[in-house]
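Source file upload_22.cif; content: mmCIF, C-alpha atoms.
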```
data_start
#
loop_
_atom_site.label_atom_id
_atom_site.label_comp_id
_atom_site.auth_asym_id
_atom_site.auth_seq_id
_atom_site.Cartn_x
_atom_site.Cartn_y
_atom_site.Cartn_z
CA MET A 11 99.22 90.09 95.29
CA ILE A 12 97.04 93.14 95.67
CA GLY A 13 99.03 96.29 96.20
CA LEU A 14 102.35 94.43 96.19
CA TYR A 15 103.46 95.29 92.67
CA SER A 16 106.49 97.55 92.68
CA PRO A 17 106.81 99.31 89.31
CA GLY A 18 110.14 99.09 87.58
CA THR A 19 111.95 98.52 84.30
CA SER A 20 114.42 95.85 85.40
CA LEU A 21 115.01 92.66 83.46
CA ILE A 22 112.90 90.80 86.01
CA HIS A 23 110.00 93.22 85.62
CA ARG A 24 110.11 92.85 81.82
CA ALA A 25 110.44 89.04 81.79
CA PRO A 26 107.37 87.19 80.50
CA THR A 27 105.02 86.17 83.28
CA LEU A 28 104.85 82.53 82.21
CA LEU A 29 108.65 82.32 82.23
CA LYS A 30 108.78 83.83 85.73
CA LEU A 31 106.09 81.43 86.92
CA LEU A 32 107.90 78.44 85.42
CA LEU A 33 111.23 79.46 86.96
CA LEU A 34 109.57 80.13 90.32
CA SER A 35 108.00 76.65 90.25
CA LEU A 36 111.26 74.96 89.25
CA CYS A 37 113.29 76.80 91.89
CA VAL A 38 110.83 76.01 94.67
CA LEU A 39 110.74 72.37 93.54
CA LEU A 40 114.55 72.18 93.48
CA ILE A 41 114.92 73.81 96.89
CA GLY A 42 112.12 71.73 98.41
CA THR A 43 113.55 68.42 97.25
CA SER A 44 117.23 69.12 97.87
CA SER A 45 118.81 68.04 101.13
CA ASP A 46 122.10 69.73 100.28
CA PRO A 47 122.71 72.87 102.36
CA TRP A 48 124.91 74.26 99.57
CA VAL A 49 121.98 74.21 97.14
CA VAL A 50 119.81 76.13 99.60
CA SER A 51 122.66 78.56 100.35
CA GLY A 52 123.25 79.11 96.65
CA ALA A 53 119.54 79.67 96.10
CA ALA A 54 119.50 82.22 98.94
CA ALA A 55 122.42 84.09 97.36
CA GLY A 56 120.63 83.93 94.01
CA VAL A 57 117.46 85.39 95.53
CA VAL A 58 119.42 88.29 97.03
CA LEU A 59 120.98 88.92 93.61
CA LEU A 60 117.55 88.83 91.95
CA PHE A 61 116.18 91.36 94.45
CA LEU A 62 119.14 93.62 93.71
CA ILE A 63 118.55 93.31 89.96
CA ALA A 64 114.82 93.99 90.36
CA GLN A 65 115.55 97.07 92.50
CA VAL A 66 112.44 96.62 94.59
CA PRO A 67 112.23 98.73 97.76
CA LEU A 68 113.99 97.04 100.68
CA ARG A 69 111.19 97.84 103.13
CA ALA A 70 108.57 96.28 100.84
CA ALA A 71 110.71 93.17 100.32
CA VAL A 72 111.26 92.71 104.06
CA ALA A 73 107.53 93.21 104.69
CA GLN A 74 106.79 90.28 102.38
CA ILE A 75 109.28 87.96 104.05
CA ALA A 76 108.72 88.98 107.69
CA PRO A 77 105.51 86.96 108.32
CA ILE A 78 107.29 83.66 107.65
CA LEU A 79 109.96 84.64 110.18
CA LEU A 80 107.31 84.78 112.91
CA ILE A 81 106.20 81.26 112.04
CA LEU A 82 109.81 80.09 112.05
CA LEU A 83 110.29 81.43 115.59
CA VAL A 84 108.00 78.62 116.70
CA ALA A 85 108.77 75.98 114.09
CA VAL A 86 112.58 76.05 114.19
CA PRO A 87 113.03 75.19 117.87
CA ILE A 88 110.49 72.37 117.59
CA GLN A 89 112.11 71.05 114.43
CA GLY A 90 115.56 71.39 116.00
CA LEU A 91 114.59 69.41 119.07
CA LEU A 92 112.74 66.71 117.17
CA SER A 93 114.88 66.26 114.05
CA GLY A 94 118.15 68.03 114.73
CA TRP A 95 119.43 71.53 114.17
CA THR A 96 120.80 70.80 110.68
CA VAL A 97 117.35 69.76 109.50
CA ALA A 98 115.84 72.82 111.18
CA ALA A 99 118.33 75.14 109.47
CA LEU A 100 117.65 73.49 106.12
CA MET A 101 113.89 73.86 106.61
CA THR A 102 114.35 77.52 107.53
CA GLY A 103 116.44 78.17 104.43
CA ARG A 104 113.95 76.42 102.18
CA LEU A 105 110.96 78.35 103.52
CA VAL A 106 112.65 81.74 103.50
CA VAL A 107 113.98 81.28 99.96
CA ALA A 108 110.61 80.01 98.66
CA VAL A 109 108.71 82.89 100.26
CA ALA A 110 111.29 85.39 99.00
CA LEU A 111 110.99 84.04 95.45
CA ALA A 112 107.19 84.23 95.61
CA ALA A 113 107.44 87.77 96.98
CA LEU A 114 109.78 88.74 94.15
CA PHE A 115 107.30 87.32 91.64
CA THR A 116 104.39 89.29 93.09
CA MET A 117 106.44 92.48 93.40
CA THR A 118 107.57 92.37 89.77
CA THR A 119 104.40 91.08 88.09
CA THR A 120 101.07 92.89 87.81
CA VAL A 121 97.85 91.11 88.71
CA THR A 122 96.68 91.65 85.13
CA ALA A 123 99.76 89.88 83.78
CA VAL A 124 99.22 86.96 86.16
CA LEU A 125 95.57 86.64 85.10
CA GLU A 126 96.53 86.73 81.41
CA ALA A 127 99.16 84.05 82.02
CA PHE A 128 96.59 81.98 83.88
CA GLN A 129 94.17 82.26 80.96
CA THR A 130 96.95 81.34 78.53
CA LEU A 131 97.71 78.21 80.55
CA LEU A 132 94.04 77.22 80.45
CA ARG A 133 93.49 77.83 76.71
CA PRO A 134 94.47 74.26 75.68
CA PHE A 135 91.61 73.02 77.87
CA ASN A 136 88.97 75.20 76.14
CA ARG A 137 86.93 72.11 75.28
CA PHE A 138 86.39 71.46 78.98
CA ILE A 139 86.52 74.89 80.63
CA ASP A 140 86.10 78.49 79.58
CA ALA A 141 89.47 80.13 80.26
CA ASP A 142 88.00 83.62 80.15
CA ARG A 143 85.39 82.79 82.78
CA VAL A 144 87.98 81.15 85.01
CA GLY A 145 90.17 84.23 84.57
CA LEU A 146 87.22 86.41 85.54
CA LEU A 147 86.59 84.21 88.57
CA VAL A 148 90.22 84.54 89.70
CA ALA A 149 90.16 88.30 89.10
CA LEU A 150 86.97 88.67 91.13
CA THR A 151 88.44 86.53 93.90
CA ILE A 152 91.55 88.69 94.03
CA ARG A 153 89.40 91.82 94.01
CA CYS A 154 87.14 90.56 96.79
CA ILE A 155 89.99 90.01 99.25
CA PRO A 156 90.59 93.72 99.92
CA LEU A 157 86.85 94.36 99.67
CA VAL A 158 86.08 91.95 102.51
CA SER A 159 89.10 93.22 104.41
CA ASP A 160 87.71 96.75 104.19
CA ILE A 161 84.30 95.55 105.36
CA VAL A 162 85.86 93.85 108.40
CA ARG A 163 87.90 96.98 109.18
CA GLU A 164 84.80 99.20 108.93
CA VAL A 165 82.78 96.89 111.19
CA LEU A 166 85.58 96.84 113.76
CA GLU A 167 85.87 100.64 113.62
CA ALA A 168 82.11 101.02 114.05
CA ARG A 169 82.18 98.64 117.00
CA THR A 170 85.03 100.60 118.59
CA ALA A 171 83.22 103.91 117.98
CA ARG A 172 80.14 102.57 119.77
CA GLY A 173 82.34 101.42 122.62
CA THR A 174 81.16 97.83 122.43
CA GLN A 175 83.35 94.78 122.65
CA GLY A 176 80.78 92.08 121.95
CA SER A 177 81.23 88.50 120.86
CA LEU A 178 82.54 87.14 117.61
CA LEU A 179 78.93 86.96 116.45
CA SER A 180 78.66 90.74 116.74
CA ILE A 181 81.43 91.01 114.15
CA ALA A 182 80.48 88.09 111.93
CA VAL A 183 76.84 89.04 111.31
CA PRO A 184 77.51 92.59 109.99
CA VAL A 185 80.47 91.34 107.94
CA VAL A 186 78.41 88.57 106.33
CA VAL A 187 75.44 90.87 105.66
CA ARG A 188 77.62 93.61 104.11
CA SER A 189 79.56 91.01 102.09
CA LEU A 190 76.30 89.64 100.71
CA TYR A 191 75.18 93.14 99.74
CA ALA A 192 78.52 93.70 97.97
CA ALA A 193 78.22 90.32 96.20
CA ASP A 194 74.68 91.20 95.10
CA ALA A 195 75.85 94.54 93.69
CA LEU A 196 78.72 92.79 91.91
CA GLY A 197 76.30 90.23 90.46
CA GLU A 198 74.03 92.99 89.16
CA ALA A 199 77.02 94.71 87.55
CA LEU A 200 78.02 91.44 85.84
CA ILE A 201 74.44 90.88 84.60
CA ALA A 202 74.38 94.44 83.22
CA ARG A 203 77.51 93.55 81.23
CA GLY A 204 75.96 90.40 79.76
CA LEU A 205 77.46 87.78 82.06
CA ASP A 206 74.16 86.48 83.37
CA ASP A 207 74.53 82.72 83.03
#
```
When written as structure tokens, how does the structure in this file appear?
Amino acid sequence: MIGLYSPGTSLIHRAPTLLKLLLLSLCVLLIGTSSDPWVVSGAAAGVVLLFLIAQVPLRAAVAQIAPILLILLVAVPIQGLLSGWTVAALMTGRLVVAVALAALFTMTTTVTAVLEAFQTLLRPFNRFIDADRVGLLVALTIRCIPLVSDIVREVLEARTARGTQGSLLSIAVPVVVRSLYAADALGEALIARGLDD
């Protein structure tokens, strides 16, 4: 979800996050349980219409859907040979539509809005869990993904600059050590803000 948000003022951008999440869940459930090709085809047409309404950049939308197409290059022939080409086509439609809907959700909803919706969903369970702390945990998790990605990139660049092509261990050790340093710094920042328990 990081860096995927595409700013806009469309109806889809302005829709409440919980409503978008509910509709996403219902659509994926409907598509996943339906064996009718017309339902999947209608859902695909609906997704195209939603992308047009949202006015998200075409290149960004394709970039979100493209990774599943690589998986389908392998999965579709296997599914076609084992279960038949109709089943393979239906599986392809289901996966592409589900991924496209999820991509539309992430491209039209900020991370902050998703975290707030997540906390709102957890509020009824306040007796058992602290929704704010869980929200903080999810936010930190989302924030740490690009942080670790940057650490891996920097380690790989340093390894290339030195001209070494060592083992996986030569990548893993610096990544783990630098990640632990980053986690320690993050922990100190949280303690400084009063979140020390």
Residue contacts of A:Ala99 (12 Å, all atoms listed in the file) excluding same-chain residues fewer than 5 positions away, as number ranges by chain = A: 45-48, 50-51, 82-83, 85-91, 93-94, 104-106
From A:Ala113, A:Ala192, A:Val183, A:Leu200, residue lying nearest A:Ser16 [only C-alpha atoms] = A:Ala113
Pick out the residues sitting within 9 Å of A:Val144, and hand them over as number ranges by chain; count only C-alpha atoms, and ignore anything fewer than 3 positions along from it in its own chain.
-> A: 128-129, 132, 139-141, 147-149
One residue among A:Thr102, A:Asn136, A:Ser35, A:Ser177 is nearest to A:Phe115 when using all atoms listed in the file, and that residue is A:Ser35
Top pick for closest residue to A:Leu36, considering A:Thr174, A:Leu111, A:Val66, A:Ile22 and counting all atoms listed in the file = A:Leu111
Atomic separation - atom CA of A:Arg24 relative to atom CA of A:Leu60, Å = 13.2 Å
